[in-house]
Structures are given as structure tokens and as C-alpha cells.
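This report refers to the structure that appears directly beneath it.
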Amino acid sequence: LSGLLKPSAGEVSVLGAPAWQNPGLYRDLGLVPEREAVYGGLSGFEFVRLNARLQSVADPDGAAGRAIRTVELQDAAGRATATYSKGMKQRIKVAAALVHDPQVLLLDEPFNGADPRQRLHLIELLRRLAADGRTIIFSSHILEEVERLAERVLVIVGGRLAASGDFREIRRLMTDRPHTFTLRSTDNRGLAAALVAHESVLGVELQDGRLSVRTSELRGFAHALPGIARAKGITVRELRPSDESLEDVFAYLVGR
């Protein structure tokens, strides 16, 4: 996607233009590599300004300042990047990738080395950039962050694309895997006895004041539950899926 490698097969285009051997594409593309890729002898400001000059930005000093404010590293902008923590280096790389205001931003493992506060800041930053109309693509093994941030995921297993789209919808389409729900009601024991008799329910477990229900037929269970509870005079106070996380989806796809 960044044009650094020739595709082994097929073609790759970004914004309608070929990525390979197309230096002009870099005016509309920002890249944040996984490796640190910063010059330790340069200050944060000098590093970002260097990228602005490489992109022929009209006001490199002003652009560098704005990009550094975007990632909230003003207080460390005058320090050598060799003194930065790994999380700070991630943020200064993002600033360098944004300095020329690209339409597309590519990030490889952007959360590596970031502490919890830095991760939250980066998540909010990427959300703002996306809301401004940019296309943002990132790869990550930290599935919790992907789940919280991404609108569309592509799951790669063994070098092949296993699924793409909203991960919750991917999970619902996995009809060969039972779905598990957690319920809390005014009478968990009575509801458990009623549910276990329904044909869509594979199993029920009562633990710590909640019901765990496994169903092989998601739609049938969803339609049956209100009527079963009403017939028994039971109020359902909580119903939530307990196996719809991105980590669950990934585990199911890997296990296939």
C-alpha cells in the first residue's frame, strides 16, 4: 500500500493511482512504520520539520508545529528523540506522517510501547482524523484496541484473508459456532428451567447471579426469549452477547 514493495501478484492502487513506483502518491499518503525509524540526534521538532521539507510543504516550521500540537508533544519538541520513550516515539512518527496533511494514513502496530494513557490519546486522535475525512488503515495484534477503534476489520490467518467487515456481523454469520449470551433477570433459576426446554437452547449455566445461555439458532432464541419470560412472569434485566469480541471472532477463524 505504501509503494515500498512491488506486489507479488495483482495490482495495488491508492486513491485510484498505482502504489508501486509512484513517488507522487506520497503527497497524499502518510506512513507510520512499526520500527522506531527516528533520528536520535534530531529534536522532535527537527524530525517532523525534516519530513515537512521532504514533502515540499510551503511553511515547514508552521506545519511541524501544528503536527506536534496534534499529537500533544509540545513540551518535548525541543528534546532529542533519543531521549523519548517508545510511546513518545510512536507519537512523533504520527506527527511526521501528518505534517503534509495526507488523505490516507497507514500505521503498522501503532500501539506498541504506548502506556494506557498514550493508547487512549492515540485512539481519540485517529478517530478525529477519520472524522475529518481521512482514510486510516492500521495493523495491530492488540485486538482490544482494534475492536474499540476500527469500523471495518480484515482478519488475516496464515497469510490469507479469512473475513472482512464489521466483526460483530462476521460473528453472527458464523452459523457453525454456538452463540453465548449472559442474562440477568428477576428469577434466573425459573428462567433457566424454561429456556433449557426450548429447541434453540443448547445449554444453560447459572453462576454468580447470572445465566449463561448457549444457542445454536440466534434468530430463534432472540424471538423466543421475550415470550418465554413473559409466560413465566419474569423480567429480563440484562441480555448481552458474551462471545462477540474481536478476539472471539479471531479465535473461531483460526480454529477452523
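Identifiers for the C-alpha cells are assigned positionally: chains receive A, B, ... in sequence, residues are indexed from 1 per chain, and ligands are indexed from 1 in the order shown.
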Backbone-only DSSP, helix (DSSP H, G or I) members of segment 44-162 of chain A, as a PyMOL selection string = chain A and resi 44-54+60-70+74-76+81-83+86-98+116-131+143-149
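Secondary structure of segment 88-147 of chain A, strand (DSSP E or B) only (DSSP, backbone atoms): Val104, Leu105, Leu106, Leu107, Asp108, Thr135, Ile136, Ile137, Phe138 and Ser139 of chain A.
For segment 76-80 of chain A, the set of protein, DNA and RNA residues having any atom at most 7 Å away, when counting only C-alpha atoms and skipping those fewer than 5 positions along the same chain, is Gly40, Gly41, Leu42, Ser43, Gly44 and Phe45 of chain A.
For the choices A:Leu154, A:Asp132, A:Ser216, A:Ser242, the atom-to-atom distance to Leu183 of chain A is smallest for A:Ser242 when using only C-alpha atoms.
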request  = Would you list the contacts of Gly16 of chain A as an MDAnalysis selection string, taking every protein, DNA or RNA residue within 12 Å and counting only C-alpha atoms, but skipping same-chain residues closer than 3 positions in sequence?
outcome  = chainID A and resid 1 11:13 19 22 25 28
request  = Mind giving me the straight-line distance from atom CA of Leu202 of chain A to atom CA of Arg214 of chain A in Å, one decimal?
outcome  =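 About the pair atom CA of Leu202 of chain A and atom CA of Arg214 of chain A: they are 5.3 Å apart.
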task = Considering only C-alpha atoms, state which residue in the set A:Ala82, A:Asp108, A:Val38, A:Val32 is at the smallest distance from Val94 of chain A.
result = A:Val32
query = atom CA of Val48 of chain A and atom CA of Gly87 of chain A, how far apart in Å?
reply =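 Atom CA of Val48 of chain A lies at a distance of 16.1 Å from atom CA of Gly87 of chain A.
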request  = Please provide as an MDAnalysis selection string all residues within 9 Å of Leu246 of chain A, with the sequence filter that same-chain residues fewer than 4 positions apart are discarded (counting only C-alpha atoms).
outcome  = chainID A and resid 143:144 146:147 167:168 171 250:251
With C-alpha atoms kept, could you save the residues just selected as a tab-separated table (two decimals), in the first residue's frame?
chain	number	residue	atom	x	y	z
A	143	LEU	CA	-7.27	-6.76	19.34
A	144	GLU	CA	-8.91	-4.79	22.13
A	146	VAL	CA	-8.81	-2.68	17.10
A	147	GLU	CA	-12.25	-3.53	18.48
A	167	PHE	CA	-16.59	-8.07	13.32
A	168	ARG	CA	-19.97	-8.35	15.08
A	171	ARG	CA	-19.64	-13.39	14.30
A	250	PHE	CA	-10.30	-14.31	15.57
A	251	ALA	CA	-10.10	-17.45	17.73
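For Gly133 of chain A, the residues within 12 Å (counting only C-alpha atoms, excluding itself and residues fewer than 6 positions away along the chain) are Asp101, Pro102, Gln103, Val104, Leu105, Leu126 and Arg127 of chain A.
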